[in-house]
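Have a look at the structure below before the remarks.
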Protein chains: 2
Amino acid sequence: MTIAEASRKYGLTADTLRYYERIGLLPPVPRTKGGIRDYDEASCGWIELMKCMRSAGVQIEALIEYVALYRQGEDTAGQRRAILVEQRDQMVARMEEMQRSLDRLNRKIEAYDNGSWRGEPARGACGQ
Amino acid sequence: MTIAEASRKYGLTADTLRYYERIGLLPPVPRTKGGIRDYDEASCGWIELMKCMRSAGVQIEALIEYVALYRQGEDTAGQRRAILVEQRDQMVARMEEMQRSLDRLNRKIEAYDNGSWRGEPARGACGQ
DNA sequence: ACTTGACTTGGAGCGCACTCCAGATGCTAT
DNA sequence: ATAGCATCTGGAGTGCGCTCCAAGTCAAGT
């Protein structure tokens, strides 16, 4: 699969795919004799994984380190798992924070519905 | 309350507070005769609201428009409510996407626990 | 063989959201 | 009144995550 096809398939520009590979967010993609990228199933899997993780806000640094460890071989599995766990915990924390913001947003909308929106920044604070 | 105190209270730098005011993310803060900002309760409420919404990923543009409408008076309440509803819907969508990523992350961690992590980008894709 | 169009690289450019800076002014304490 | 520190403004600088560009190479069609 050429870079243009991979680009279309995943909704990332060719530039972004090359950029991801350059910074190590994707392992090196196989090439044809001529030096042209030929995305195989494994490459596609990585693209999809990274798109998924990045869209969820996982730090690029963590993902780069994950890929680097993967490339070092099987005995880095423990370290890779640790990265995943840490990122999961951060993701859970972010989602909890978002839930609180969402609650606040909903209360504000309700206040507008009740016509009691005057005096803008509502007293019912975000976290408290 | 001086800018240094507000900065400490909300964990935003003085520069960020001035920046937010400049771009209209915060309404103008009251000043002393000498021109120095004196954050009152309303200003603090706005800071807190913006900190909460920004941390949840609400678009800055939407918040700036919200503040602008608020400053235009009571008859913009409907438009303000509409912004809030739109941002809530986007926030819900983001949280659903994050939940799917979280599920995938958890499956990956489980795979490591089962020792079946080999062949890295797991077949169980993110969205599907 | 030659055209055409996609692909390659290294490096420059961009937009966002701050962040820092210089030079001026304000406030407090001695 | 003067030192010394906080704050003010406008504007420049920064880091991230792309995004674009130029100059060259590859590959398919005629």
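So you can find residues: chains in the structure tokens are A, B, ... in the order shown, residues in each start at 1, and ligands are numbered from 1 in order.
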List the neighbours of A:Glu97 out to 9 Å using only C-alpha atoms (C1' of nucleotides); skip same-chain residues closer than 2 positions along the sequence, and give me the result as a PDB file with C-alpha atoms, in the first residue's frame.
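Result went into around_30.pdb, see below:
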```
ATOM      1  CA  VAL A  92      -9.048   7.723  33.400  1.00  0.00           C
ATOM      2  CA  ALA A  93      -8.107  10.834  35.363  1.00  0.00           C
ATOM      3  CA  ARG A  94      -8.736  13.051  32.345  1.00  0.00           C
ATOM      4  CA  MET A  95     -12.099  11.435  31.755  1.00  0.00           C
ATOM      5  CA  GLN A  99     -17.093  14.376  33.504  1.00  0.00           C
ATOM      6  CA  ARG A 100     -16.991  17.085  36.164  1.00  0.00           C
ATOM      7  CA  SER A 101     -16.764  19.767  33.475  1.00  0.00           C
ATOM      8  CA  LEU A 102     -19.635  18.118  31.643  1.00  0.00           C
ATOM      9  CA  GLY A 127     -14.987  21.067  41.055  1.00  0.00           C
TER      10      GLY A 127
ATOM     11  CA  CYS B  52     -12.666  24.206  33.892  1.00  0.00           C
ATOM     12  CA  SER B  55      -9.133  21.712  30.707  1.00  0.00           C
ATOM     13  CA  ALA B  56     -12.065  19.762  29.309  1.00  0.00           C
TER      14      ALA B  56
END
```
Define the interface residues of chain C facing chain A as those within 9 Å, counting only C-alpha atoms (C1' of nucleotides), and report them as a VMD selection string. chain C and resid 6 to 8
Counting only C-alpha atoms, chain A residues within 7 Å of chain B, as an MDAnalysis selection string: chainID A and resid 42 45:46 49 52:53 56 81 84 88 95 98 101:102 105 109 112 121 126
Nearest to chain D among A:Glu65, A:Glu5, A:Tyr10, A:Asp15, with distances taken over only C-alpha atoms (C1' of nucleotides): which residue is it?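 Nearest candidate to chain D out of A:Glu65, A:Glu5, A:Tyr10, A:Asp15: A:Asp15.
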Where in chain B does DSSP assign alpha helix (DSSP H), given as a PyMOL selection string? chain B and resi 3-10+14-23+41-55+60-72+77-113
What is the distance, in Å and to one decimal place, between atom CA of A:Pro27 and atom C1' of C:DG11?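 Separation of atom CA of A:Pro27 and atom C1' of C:DG11: 22.0 Å.
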Between atom C1' of C:DC27 and atom CA of B:Leu26, what is the spacing in Å?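 The value is 25.5 Å.
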Between chain A and chain D, at 12 Å or less, what are the per-residue closest atom pairs and their distances in Å? Count only C-alpha atoms (C1' of nucleotides), order by chain and rising residue number, and return it as a tab-separated table.
```
residue	atom	partner	partner_atom	distance
A:Leu12	CA	D:DC18	C1'	10.7
A:Thr13	CA	D:DT19	C1'	9.2
A:Ala14	CA	D:DT19	C1'	10.2
A:Asp15	CA	D:DT19	C1'	7.1
A:Thr16	CA	D:DC18	C1'	6.7
A:Leu17	CA	D:DC18	C1'	10.3
A:Arg18	CA	D:DC18	C1'	10.8
A:Tyr19	CA	D:DC18	C1'	8.0
A:Tyr20	CA	D:DC18	C1'	9.7
A:Ile23	CA	D:DG17	C1'	11.1
A:Thr32	CA	D:DC26	C1'	10.2
A:Lys33	CA	D:DC26	C1'	9.8
A:Gly34	CA	D:DC26	C1'	6.3
A:Gly35	CA	D:DC26	C1'	8.4
A:Ile36	CA	D:DC26	C1'	8.1
A:Arg37	CA	D:DC26	C1'	11.7
A:Arg54	CA	D:DG17	C1'	11.3
A:Gln59	CA	D:DC16	C1'	11.6
A:Ile60	CA	D:DG17	C1'	9.7
A:Glu61	CA	D:DC16	C1'	11.6
```
State, in Å with one decimal place, the distance from atom C1' of C:DT3 to atom CA of A:Pro30.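 If I compute the distance from atom C1' of C:DT3 to atom CA of A:Pro30, I get 28.6 Å.
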